[in-house]
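Asks: Can you keep this structure in mind? I'll have questions shortly.
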Amino acid sequence: MAVYIHSVGVGVPSRRLAVADINSAWNRTGGRGTVAVCADDEDALTLAWSAANSAMQAAEIEPGSVDGLWWGVTRAPFAEGPSHSILAASLSLRPTAAGALTSGSTHCGIDALFAAADAVAAGTARIAVVVVSDALRAGLGTASETRCGAAAAAFILRSDEGPAALGARTTHSQPLLDRYRGDTENDTRDLYDGRLFREEIFVPIVSEVAGRLATSKPTAWSLPDPDGRLAAAVAKNASVPPDSITSSNVFATLGDTGAAACLLGSVGAFTRVGNVAVVAYGGGRASGITIDVNRAIPGAETAARDLQSDNASSSYADVLRFRRQLTPTGETIAMGVPPEAALFTRGANEMLQLLGGRCDDCGTINTPPSIHPHCIACGGPKMEPVELARTGIVHTFVINYTMPAPFVAPLPIAVIDLDDGSRVMLQVADDGSNVEIGARMQLLLRRYAYERGAPVYGFKAVPVRKESL
Amino acid sequence: MSWNKVAVVGAGLIKMGELFDQSYETMAAGAFAACVESVDKGFDPSQVEAAFVATQRGTLWGQEGIGGNTIPTAIGLVGIACTRIENACPSGSDAFRVGAMAVASGVHDVVLVIGVEKMRDKSTEEGLLSRAAAGHPIFTRGETAPVLFAPFATRHMAEFGTTREMLASVAVKNHFNGARDPYAHFQNEITIEQVLASAPVCHPLHLLDCCPQTDGAAAVLLVNADRAHEFTDKPVFVAGFGLATDHPYLHEKASFTEIKATGMAAERAYAMAGISPTDIDCAEVHDCFTITEILDIEDLGFFAKGDGGRASLEGDTALAGRIPVNTSGGLLAKGHPIGATGVAQITECWWQLRGQADKRQVEIRNGYALQHNAGGRGSGVAVVNILTNRR
C-alpha cells in the first residue's frame with residue numbers, strides 16, 4: 001500500500017549560540033555563524049512536541065485520530081523513562097496509540113520514518129505521526145561542539161492519497177566506530193581521527209546510498225553534513241548538483257541537528273513539485289529514501305519560515321548551564337513533591353494535556369480537575385473534562401528575581417485569561433521584557449525541572465510574536 | 001452594641017529580630033513573662049487554665065514537632081490544656097479568636113494566647129525561599145512569598161494608577177513608626193528614594209517593599225469580662241471578630257485588586273461589634289508587602305477601592321492621619337514572625353486603647369482598634385479582630 005505525507009512541521013529551539021563565542025572560550029580565534037541551542041527549559045522532547053503539534057495542525061487532524069507516534073531521537077531526554085508516553089500524552093494522543101521510540105545513533109531519525117511507513121503500508125496504522133528530534137550535547141572543547149545544534153521535524157503519514165508519496169528506500173551499513181557517547185558518559189566524544197572518519201567511514205558509506213538514490217534523478221537532496229564539509233564530498237562522489245542540496249541551508253542556520261537532520265534538510269523542497277532524496281547517517285549506517293512531491297505539502301511554508309526565524313542569542317556560559325555542563329556548587333532545592341510521587345501520578349495527564357473540568361451547572365472551567373471536586377464559582381459537584389485553550393492574554397504578572405538554585409532569575413510568572421474563559425497561572429518562558437498586561441500568549445510544552453534524574457514537563461506561556469498575530 | 005464577653009488584661013512581646021541566640025522556647029518564655037508583667041494588679045501564672053499557641057512553620061523547618069505540649073513546659077506550666085493553631089499568616093489572629101471563643105463559651109475563665117515563630121534557624125535559601133520548589137509544577141514553580149502578592153500590585157497599578165512611590169510611602173511610614181517602637185526589628189527611618197532604589201525582589205516589589213524574616217514571640221491574656229477588674233482597672237474588650245476564606249490558588253481569584261477574604265472577615269467583625277469602619281481609631285493590618293497594606297485599607301473599608309495608594313502617599317494613615325495604620329511599624333518594620341505577628345498586633349492595639357503607646361500614641365476618639373492578618377496560599381485566609389476600651 002502506498003504511503004503519503006500529508007503535512008510537515010518543525011520545532012526550532014529559542015536560542016542561538018555564536019560559534020566564535022565557543023571558540024574564544026577555548027582560546028581559538030574566529031568561527032562563523034551560529035548553532036541552534038535549547039533554552040534551559042527546552043530539550044529534544046519539547047522540540048518534538050512543537051514539530052508534531054505543528055504537523056497535526058497543518059494536516060487538520062484531531063490528535064485522537066492518530067494511530068501511532070514514531071519518534072526518533074539519538075538519546076531520549078529521559079533515556080530509560082516514559083519519554084514516548086510523555087510525548088504522546090502531551091500531544092493529546094489517545095492512550096491506545098501505538099508507535100515506537102527509535103534511538104542509538106543519529107540514524108534513528110530515518111529508522112522512525114521507515115517504521116511508521118511500514119505500519120501505514122501494512123494497514124496497522126491509518127494515520128501516523130513521525131517525529132525526529134535531537135538536542136546534541138558534545139563534550140566540552142571537542143571540535144563537534146561548534147557544530148552541534150538542536151531542532152525537530154515531523155510528518156503526518158497516511159495511506160490516503162496525499163501531496164507527497166514515499167518512494168524507494170535503501171540502506172548500507174558497516175560495523176565501524178565513529179563518534180560516540182559511552183554508556184556511562186553524558187557527552188559525545190570527539191572523533192578519533194577526522195581524516196580517517198571522512199575517507200574510510202562517512203564518505204564511502206553515505207556515497208554508496210546517495211549513488212543508489214541518484215539513479216532516480218532527484219531534484220532536491222537532504223544530505224547529512226556533521227562537520228559542514230562532508231556533504232559536499234558526498235555530493236561530488238554521487239554527482240549531486242550543489243544547488244539541489246536543500247539541507248545546506250539548515251546546517252548553516254541551525255548546525256548539526258543529529259537525528260532530525262535528514263527530515264529537516266528536506267523541508268525546503270516540500271513547497272514545490274519534485275523528487276526529493278533524503279539521506280541519513282549515524283553509527284556506521286546510512287539510509288535513504290525518495291519522496292515524490294506532487295504538490296506543496298501543508299505546513300512546509302510555515303516550517304521553512306520557522307527554520308529561518310531569528311531567535312535570541314545566548315552566551316556559551318548560558319548554554320553550558322542550560323545543558324547542565326556548568327552547575328553551581330552546593331545543594332539545589334529539591335522539589336517539594338518528587339516526580340514519582342502520588343501527586344504527580346494523579347496529576348500527570350492534567351499537567352501534560354492541560355486539562356480542566358467544566359462545571360455542568362454554571363460552565364466555569366476549574367483547573368486542575370483533581371483538586372476541584374466542587375466548582376470554584378458555584379460549588380457544583382459535576383464536571384466534564386475539557387482541554388484548556390492554548391492561547392490567551394496576560395491579566396497580571398510578576399518577575400521573580402529572588403529564588404534559590406536551581407531557579408535562575410529573572411523568572412516571569414503570569415496569570416493568563418485563556419480564550420475559553422478559564423484562567424491559569426504559569427511560568428513565562430521569557431526574560432520578562434515582552435510581558436505586559438494584555439499581552440497575547442500561547443502555551444507551549446517546556447521542561448520545568450530535572451528532579452531525581454527525571455525531567456518534569458508542563459506548559460509554559462510564551463509571548464506570541466507580533467509577526468504571527 | 002458590642003459583644004464584649006471577653007477582656008484582654010495583659011499583653012507583652014519580646015524585641016523582634018534575628019534572634020540567633022534564642023530558642024523557640026526561650027522566646028516563648030520571654031513573651032509570657034512580659035505578658036504577666038503587664039497585668040496591672042499582678043498575675044499568678046498558675047491561674048492560666050488553657051493556652052492556644054500560634055506557630056506556623058514549627059514542624060516544617062526541621063524543628064521538633066510543635067504540638068500542644070512544647071509551650072506549657074517552656075513557660076513552666078506543664079499540665080495545662082494547650083492547643084496549637086496553624087492557619088497561615090493569620091495563625092496568631094486566629095489563636096486569639098479561638099481563645100476568645102474558649103472564654104466566651106464559659107469553659108475557661110483565664111486563657112493565654114501566645115504566638116511564637118522561629119524564622120531564622122534555617123538559611124534563607126533553605127527556609128523561606130525553598131517555597132519556590134514547593135508543590136506540583138502545575139501550580140507553578142518559582143512561587144516564593146512575594147509571588148503571592150506582587151500580581152496584585154501589577155494589577156492595582158494598572159487599574160488605579162497606583163505608583164511605586166505610593167507603594168514606597170507605606171514602607172516609609174511604617175519604618176517611621178518602627179523607629180518609635182522599642183520592640184521593632186528595624187528602628188531606622190527610610191526615604192521613598194531608598195525604597196525605589198532598593199534591589200528588585202519580585203517585580204514590581206523591591207527589597208524595601210518587603211517585610212524582613214524575623215524571629216519573635218508575643219502573648220496576651222484573655223479573661224471572662226465579668227472578672228476583668230480582678231486584674232486591671234483599664235481592661236480592653238473583644239468587641240468582635242471574623243474569619244473568612246477564599247480559594248487558595250491565584251488563578252482562581254476573580255480579582256487582583258482586592259483580598260476578598262479580608263473584606264468578608266471585616267464585614268463579619270464589624271457586624272459582631274456593631275460598628276462601621278469610621279468608628280476605628282487605629283489599625284494594625286497585614287503589610288507583609290507594601291501593596292498588601294494598600295489593599296487592606298481599602299478592603300477594610302477605610303478608603304474607597306483604588307484610593308489606598310493616594311491615601312498612603314498623602315499621610316492619611318500616618319500617626320496623625322485620618323486613620324493611623326500600623327503604628328507599631330507593621331510587618332515591614334516591626335517584623336513578621338508568622339505565628340507571633342497577629343498576637344503582637346493585638347499587643348499594639350491594647351497599648352493604644354490604654355494610652356500606653358508612648359511616642360506612637362494616637363488619639364482614641366471612639367475607643368476601637370482593629371487588628372488584621374491575611375495569608376495562606378492566595379491570601380485565602382483572613383482574620384479581623386476588633387478591640388475596644390468601652391463596655
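Residue numbering restarts at 1 for every chain of the C-alpha cells, chains are lettered A, B, ... in their displayed order, and ligands are numbered from 1 as they appear.
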Compute the set of chain A residues within 6 Å of chain B, using only C-alpha atoms, and express it as a list of chain:residue names.

Replies: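 Matching residues, ligands excluded from the count: A:Met335, A:Gly336, A:Val337, A:Met351, A:Thr396, A:Phe397, A:Val398, A:Ile399, A:Asn400, A:Tyr401, A:Thr402, A:Pro404, A:Arg423, A:Val424, A:Met425, A:Leu426.
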
Asks: What lies within 8 Å of segment 6-11 of chain A using only C-alpha atoms, ignoring chain neighbours under 2 positions off, as a count of residues only?

Replies: 35

Asks: Which residues are close to Val223 of chain B, i.e. within 10 Å by only C-alpha atoms, leaving aside same-chain residues fewer than 3 positions away? Reply as a ChimeraX atom specification.

Replies: /B:5-10,48,99-100,102-104,108-112,226-231,235,237

Asks: Within 10 Å of Gly211 of chain A, counting only C-alpha atoms, which residues qualify if same-chain residues fewer than 3 places away don't, as a list in words?

Replies: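 With the cut-off at 10 Å, the set is Val206, Ser207, Glu208, Ala214, Thr215, Ser216, Val234, Ala235, Asn237, Ala238, Ser239 and Val240 of chain A.
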
Asks: For the selection just defined, write its residues with C-alpha atoms to a file, as a compact mmCIF listing (two decimals), in the first residue's frame.

Replies:
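Result went into selection-v4.txt, see below:
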```txt
# COMPACT_ATOMS: atom_id res chain seq x y z
CA VAL A 206 26.96 7.75 2.52
CA SER A 207 28.16 7.92 -1.10
CA GLU A 208 27.05 4.34 -1.60
CA ALA A 214 20.87 9.25 -7.75
CA THR A 215 19.63 6.79 -10.37
CA SER A 216 16.10 8.14 -9.88
CA VAL A 234 29.44 13.00 -0.88
CA ALA A 235 27.75 15.22 -3.48
CA ASN A 237 31.10 11.36 -5.47
CA ALA A 238 27.42 10.86 -6.31
CA SER A 239 27.19 13.63 -8.95
CA VAL A 240 24.69 15.63 -6.87
```

Asks: Find the spatial neighbours of Gly240 of chain B, counting only C-alpha atoms, within a cut-off of 10 Å - ignore same-chain residues fewer than 6 positions away - and output them as an mmCIF file with C-alpha atoms, in the first residue's frame.

Replies:
```
data_model
loop_
_atom_site.group_PDB
_atom_site.id
_atom_site.type_symbol
_atom_site.label_atom_id
_atom_site.label_comp_id
_atom_site.auth_asym_id
_atom_site.auth_seq_id
_atom_site.Cartn_x
_atom_site.Cartn_y
_atom_site.Cartn_z
ATOM 1 C CA SER B 2 -20.537 45.270 71.136
ATOM 2 C CA TRP B 3 -20.064 41.658 72.065
ATOM 3 C CA ASN B 4 -17.685 42.306 74.970
ATOM 4 C CA LYS B 5 -17.776 38.948 76.742
ATOM 5 C CA VAL B 6 -14.025 38.653 76.887
ATOM 6 C CA ARG B 97 -10.176 34.420 68.091
ATOM 7 C CA ALA B 100 -11.809 34.378 72.937
ATOM 8 C CA ALA B 266 -14.087 42.606 58.219
ATOM 9 C CA ARG B 268 -18.327 39.825 59.971
ATOM 10 C CA ALA B 269 -16.234 41.556 62.629
ATOM 11 C CA TYR B 270 -17.930 44.961 62.154
ATOM 12 C CA ALA B 271 -21.362 43.332 62.360
ATOM 13 C CA MET B 272 -20.405 41.484 65.546
ATOM 14 C CA ALA B 273 -19.047 44.677 67.116
ATOM 15 C CA GLY B 274 -21.995 46.715 65.844
ATOM 16 C CA ILE B 275 -19.741 49.379 64.365
ATOM 17 C CA LEU B 370 -8.726 46.820 64.604
ATOM 18 C CA VAL B 384 -10.099 40.601 61.692
ATOM 19 C CA ASN B 385 -10.277 41.173 65.458
ATOM 20 C CA ILE B 386 -11.758 44.370 66.919
ATOM 21 C CA LEU B 387 -10.854 45.566 70.424
ATOM 22 C CA THR B 388 -12.454 48.315 72.448
#
```

Asks: Between B:Thr162, B:Ser91, B:Thr83, B:Ser38, which is the closest to Arg57 of chain B once you count only C-alpha atoms?

Replies: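 Using only C-alpha atoms, the shortest distance to Arg57 of chain B belongs to B:Ser91.
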
Asks: Just want the 8 Å neighbourhood of segment 243-247 of chain A, counted on only C-alpha atoms, with same-chain residues fewer than 5 positions away dropped. Output as a PDB file with all heavy atoms, in the first residue's frame.

Replies:
```
ATOM      1  N   THR A 219      15.419  15.837  -7.719  1.00  0.00           N
ATOM      2  CA  THR A 219      15.557  17.278  -7.985  1.00  0.00           C
ATOM      3  C   THR A 219      16.037  18.027  -6.747  1.00  0.00           C
ATOM      4  O   THR A 219      16.437  19.180  -6.830  1.00  0.00           O
ATOM      5  CB  THR A 219      14.205  17.855  -8.426  1.00  0.00           C
ATOM      6  OG1 THR A 219      13.229  17.541  -7.415  1.00  0.00           O
ATOM      7  CG2 THR A 219      13.765  17.269  -9.752  1.00  0.00           C
ATOM      8  N   ALA A 220      15.941  17.367  -5.589  1.00  0.00           N
ATOM      9  CA  ALA A 220      16.404  18.017  -4.346  1.00  0.00           C
ATOM     10  C   ALA A 220      16.990  16.945  -3.436  1.00  0.00           C
ATOM     11  O   ALA A 220      16.573  15.772  -3.482  1.00  0.00           O
ATOM     12  CB  ALA A 220      15.243  18.723  -3.660  1.00  0.00           C
ATOM     13  N   TRP A 221      17.967  17.346  -2.623  1.00  0.00           N
ATOM     14  CA  TRP A 221      18.670  16.405  -1.752  1.00  0.00           C
ATOM     15  C   TRP A 221      18.745  16.916  -0.311  1.00  0.00           C
ATOM     16  O   TRP A 221      18.995  18.102  -0.085  1.00  0.00           O
ATOM     17  CB  TRP A 221      20.113  16.206  -2.237  1.00  0.00           C
ATOM     18  CG  TRP A 221      20.236  15.361  -3.462  1.00  0.00           C
ATOM     19  CD1 TRP A 221      20.064  15.770  -4.753  1.00  0.00           C
ATOM     20  CD2 TRP A 221      20.585  13.971  -3.511  1.00  0.00           C
ATOM     21  NE1 TRP A 221      20.272  14.723  -5.618  1.00  0.00           N
ATOM     22  CE2 TRP A 221      20.607  13.595  -4.881  1.00  0.00           C
ATOM     23  CE3 TRP A 221      20.877  13.001  -2.545  1.00  0.00           C
ATOM     24  CZ2 TRP A 221      20.906  12.302  -5.311  1.00  0.00           C
ATOM     25  CZ3 TRP A 221      21.184  11.712  -2.961  1.00  0.00           C
ATOM     26  CH2 TRP A 221      21.191  11.366  -4.331  1.00  0.00           C
ATOM     27  N   SER A 222      18.557  15.979   0.616  1.00  0.00           N
ATOM     28  CA  SER A 222      18.902  16.250   2.008  1.00  0.00           C
ATOM     29  C   SER A 222      20.029  15.292   2.359  1.00  0.00           C
ATOM     30  O   SER A 222      19.841  14.068   2.386  1.00  0.00           O
ATOM     31  CB  SER A 222      17.702  15.988   2.929  1.00  0.00           C
ATOM     32  OG  SER A 222      18.124  16.066   4.273  1.00  0.00           O
ATOM     33  N   LEU A 223      21.221  15.852   2.589  1.00  0.00           N
ATOM     34  CA  LEU A 223      22.399  15.021   2.866  1.00  0.00           C
ATOM     35  C   LEU A 223      22.929  15.318   4.260  1.00  0.00           C
ATOM     36  O   LEU A 223      22.930  16.473   4.702  1.00  0.00           O
ATOM     37  CB  LEU A 223      23.508  15.333   1.848  1.00  0.00           C
ATOM     38  CG  LEU A 223      23.276  14.867   0.400  1.00  0.00           C
ATOM     39  CD1 LEU A 223      24.424  15.367  -0.484  1.00  0.00           C
ATOM     40  CD2 LEU A 223      23.178  13.342   0.351  1.00  0.00           C
ATOM     41  N   PRO A 224      23.402  14.287   4.959  1.00  0.00           N
ATOM     42  CA  PRO A 224      23.998  14.536   6.284  1.00  0.00           C
ATOM     43  C   PRO A 224      25.298  15.315   6.131  1.00  0.00           C
ATOM     44  O   PRO A 224      26.024  15.132   5.154  1.00  0.00           O
ATOM     45  CB  PRO A 224      24.245  13.127   6.832  1.00  0.00           C
ATOM     46  CG  PRO A 224      24.369  12.251   5.628  1.00  0.00           C
ATOM     47  CD  PRO A 224      23.481  12.865   4.569  1.00  0.00           C
ATOM     48  N   ALA A 261      18.210  15.835  11.338  1.00  0.00           N
ATOM     49  CA  ALA A 261      18.801  16.498  10.172  1.00  0.00           C
ATOM     50  C   ALA A 261      18.227  16.005   8.846  1.00  0.00           C
ATOM     51  O   ALA A 261      17.967  16.796   7.932  1.00  0.00           O
ATOM     52  CB  ALA A 261      20.315  16.318  10.190  1.00  0.00           C
ATOM     53  N   CYS A 262      17.987  14.698   8.720  1.00  0.00           N
ATOM     54  CA  CYS A 262      17.553  14.163   7.423  1.00  0.00           C
ATOM     55  C   CYS A 262      16.207  14.740   6.988  1.00  0.00           C
ATOM     56  O   CYS A 262      16.059  15.169   5.840  1.00  0.00           O
ATOM     57  CB  CYS A 262      17.529  12.633   7.461  1.00  0.00           C
ATOM     58  SG  CYS A 262      16.459  11.935   8.726  1.00  0.00           S
ATOM     59  N   LEU A 264      14.626  17.458   8.417  1.00  0.00           N
ATOM     60  CA  LEU A 264      14.692  18.925   8.397  1.00  0.00           C
ATOM     61  C   LEU A 264      15.285  19.419   7.087  1.00  0.00           C
ATOM     62  O   LEU A 264      14.832  20.409   6.519  1.00  0.00           O
ATOM     63  CB  LEU A 264      15.580  19.438   9.545  1.00  0.00           C
ATOM     64  CG  LEU A 264      14.949  19.637  10.909  1.00  0.00           C
ATOM     65  CD1 LEU A 264      16.041  19.997  11.902  1.00  0.00           C
ATOM     66  CD2 LEU A 264      13.888  20.722  10.859  1.00  0.00           C
ATOM     67  N   GLY A 265      16.305  18.698   6.630  1.00  0.00           N
ATOM     68  CA  GLY A 265      17.005  19.123   5.425  1.00  0.00           C
ATOM     69  C   GLY A 265      16.161  19.019   4.168  1.00  0.00           C
ATOM     70  O   GLY A 265      16.492  19.600   3.133  1.00  0.00           O
ATOM     71  N   SER A 266      15.065  18.273   4.240  1.00  0.00           N
ATOM     72  CA  SER A 266      14.211  18.123   3.061  1.00  0.00           C
ATOM     73  C   SER A 266      13.046  19.097   3.054  1.00  0.00           C
ATOM     74  O   SER A 266      12.359  19.244   2.045  1.00  0.00           O
ATOM     75  CB  SER A 266      13.685  16.680   2.986  1.00  0.00           C
ATOM     76  OG  SER A 266      12.897  16.392   4.133  1.00  0.00           O
ATOM     77  N   VAL A 267      12.799  19.778   4.199  1.00  0.00           N
ATOM     78  CA  VAL A 267      11.628  20.651   4.326  1.00  0.00           C
ATOM     79  C   VAL A 267      11.599  21.723   3.238  1.00  0.00           C
ATOM     80  O   VAL A 267      10.544  22.016   2.661  1.00  0.00           O
ATOM     81  CB  VAL A 267      11.592  21.300   5.734  1.00  0.00           C
ATOM     82  CG1 VAL A 267      10.620  22.464   5.791  1.00  0.00           C
ATOM     83  CG2 VAL A 267      11.227  20.245   6.778  1.00  0.00           C
ATOM     84  N   GLY A 268      12.788  22.264   2.902  1.00  0.00           N
ATOM     85  CA  GLY A 268      12.863  23.322   1.899  1.00  0.00           C
ATOM     86  C   GLY A 268      12.389  22.877   0.525  1.00  0.00           C
ATOM     87  O   GLY A 268      12.032  23.705  -0.320  1.00  0.00           O
ATOM     88  N   ALA A 269      12.387  21.548   0.273  1.00  0.00           N
ATOM     89  CA  ALA A 269      11.987  21.046  -1.037  1.00  0.00           C
ATOM     90  C   ALA A 269      10.495  20.713  -1.083  1.00  0.00           C
ATOM     91  O   ALA A 269       9.975  20.355  -2.133  1.00  0.00           O
ATOM     92  CB  ALA A 269      12.785  19.789  -1.370  1.00  0.00           C
TER      93      ALA A 269
END
```

Asks: Could you pull out the strand (DSSP E or B) residues of segment 209-250 of chain B, going by DSSP on the backbone, and write them as a list in words?

Replies: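 Strand (DSSP E or B) assignments inside segment 209-250 of chain B correspond to Cys210, Asp215, Gly216, Ala217, Ala218, Ala219, Val220, Leu221, Leu222, Val223, Asn224, Val236, Phe237, Val238, Ala239, Gly240, Phe241, Gly242, Leu243, Ala244 and Thr245 of chain B.
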
Asks: Of the residues B:Val195, B:Ala168, B:Val113, B:Ala369, which is the one nearest to Ala239 of chain B, using only C-alpha atoms?

Replies: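 Among the listed residues, B:Ala369 lies closest to Ala239 of chain B.
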
Asks: So how many Å separate atom CA of Leu69 of chain A and atom CA of Ser85 of chain A, to one decimal?

Replies: 9.5 Å

Asks: List the spatial neighbours of Gly258 of chain A as a PyMOL selection string - criterion: any atom at most 9 Å away, only C-alpha atoms, same-chain residues fewer than 5 positions off excluded.

Replies: chain A and resi 73-74+105-107+109+133-136+148-151+224+226+281-282

Asks: Please indicate the distance in Å from atom CA of Cys108 of chain A to atom CA of Arg137 of chain A, rounded to one decimal place.

Replies: 16.5 Å

Asks: Would you mind reading off the distance between atom CA of Ser309 of chain A and atom CA of Arg440 of chain A, one decimal, in Å?

Replies: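 Going from atom CA of Ser309 of chain A over to atom CA of Arg440 of chain A covers 19.3 Å.
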
Asks: Enumerate, as a list in words, the complete set of residues in segment 48-117 of chain B that a backbone-based DSSP assignment places in helix (DSSP H, G or I).

Replies: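 Taking segment 48-117 of chain B and keeping helix (DSSP H, G or I) gives Thr70, Ile71, Pro72, Thr73, Ala74, Ser91, Gly92, Ser93, Asp94, Ala95, Phe96, Arg97, Val98, Gly99, Ala100, Met101, Ala102, Val103 and Ala104 of chain B.
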
Asks: For the selection just defined, write its residues with N, CA and C atoms to a file, as a JSON list (two decimals), in the first residue's frame.

Replies:
```json
[["chain", "number", "residue", "atom", "x", "y", "z"],
["B", 70, "THR", "N", 4.74, 21.77, 73.77],
["B", 70, "THR", "CA", 6.01, 22.48, 73.88],
["B", 70, "THR", "C", 5.90, 23.71, 74.79],
["B", 71, "ILE", "N", 4.83, 24.48, 74.57],
["B", 71, "ILE", "CA", 4.70, 25.74, 75.30],
["B", 71, "ILE", "C", 4.51, 25.58, 76.81],
["B", 72, "PRO", "N", 3.60, 24.70, 77.28],
["B", 72, "PRO", "CA", 3.43, 24.59, 78.75],
["B", 72, "PRO", "C", 4.75, 24.31, 79.46],
["B", 73, "THR", "N", 5.56, 23.43, 78.90],
["B", 73, "THR", "CA", 6.85, 23.14, 79.52],
["B", 73, "THR", "C", 7.76, 24.36, 79.47],
["B", 74, "ALA", "N", 7.75, 25.06, 78.31],
["B", 74, "ALA", "CA", 8.64, 26.21, 78.15],
["B", 74, "ALA", "C", 8.31, 27.35, 79.10],
["B", 91, "SER", "N", -2.33, 32.92, 61.73],
["B", 91, "SER", "CA", -2.33, 31.94, 62.84],
["B", 91, "SER", "C", -2.50, 32.62, 64.19],
["B", 92, "GLY", "N", -1.76, 33.70, 64.41],
["B", 92, "GLY", "CA", -1.83, 34.41, 65.70],
["B", 92, "GLY", "C", -3.20, 35.03, 65.91],
["B", 93, "SER", "N", -3.74, 35.67, 64.86],
["B", 93, "SER", "CA", -5.08, 36.28, 64.96],
["B", 93, "SER", "C", -6.12, 35.22, 65.24],
["B", 94, "ASP", "N", -5.94, 34.06, 64.60],
["B", 94, "ASP", "CA", -6.94, 33.01, 64.76],
["B", 94, "ASP", "C", -6.84, 32.40, 66.16],
["B", 95, "ALA", "N", -5.62, 32.27, 66.67],
["B", 95, "ALA", "CA", -5.46, 31.75, 68.03],
["B", 95, "ALA", "C", -6.16, 32.68, 69.01],
["B", 96, "PHE", "N", -6.06, 34.00, 68.76],
["B", 96, "PHE", "CA", -6.74, 34.98, 69.61],
["B", 96, "PHE", "C", -8.26, 34.78, 69.53],
["B", 97, "ARG", "N", -8.74, 34.60, 68.32],
["B", 97, "ARG", "CA", -10.18, 34.42, 68.09],
["B", 97, "ARG", "C", -10.67, 33.14, 68.78],
["B", 98, "VAL", "N", -9.89, 32.06, 68.62],
["B", 98, "VAL", "CA", -10.29, 30.79, 69.23],
["B", 98, "VAL", "C", -10.21, 30.89, 70.75],
["B", 99, "GLY", "N", -9.18, 31.58, 71.23],
["B", 99, "GLY", "CA", -9.04, 31.79, 72.68],
["B", 99, "GLY", "C", -10.24, 32.55, 73.24],
["B", 100, "ALA", "N", -10.66, 33.58, 72.49],
["B", 100, "ALA", "CA", -11.81, 34.38, 72.94],
["B", 100, "ALA", "C", -13.07, 33.52, 72.98],
["B", 101, "MET", "N", -13.20, 32.64, 71.98],
["B", 101, "MET", "CA", -14.38, 31.76, 71.97],
["B", 101, "MET", "C", -14.35, 30.78, 73.14],
["B", 102, "ALA", "N", -13.13, 30.34, 73.50],
["B", 102, "ALA", "CA", -13.00, 29.40, 74.64],
["B", 102, "ALA", "C", -13.44, 30.06, 75.93],
["B", 103, "VAL", "N", -13.09, 31.35, 76.09],
["B", 103, "VAL", "CA", -13.51, 32.07, 77.30],
["B", 103, "VAL", "C", -15.01, 32.35, 77.25],
["B", 104, "ALA", "N", -15.48, 32.81, 76.07],
["B", 104, "ALA", "CA", -16.90, 33.17, 75.94],
["B", 104, "ALA", "C", -17.80, 31.96, 76.15]]
```

Asks: Looking at B:Phe43, B:Gly216, B:Ala311, B:Leu207, which one is nearest to Gln194 of chain B, with distances taken over only C-alpha atoms?

Replies: B:Leu207

Asks: For Cys288 of chain B, which of B:Gly68, B:Pro212, B:Gly178, B:Gly106 is the closest residue, counting only C-alpha atoms?

Replies: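 For Cys288 of chain B, the nearest of the given residues is B:Pro212.
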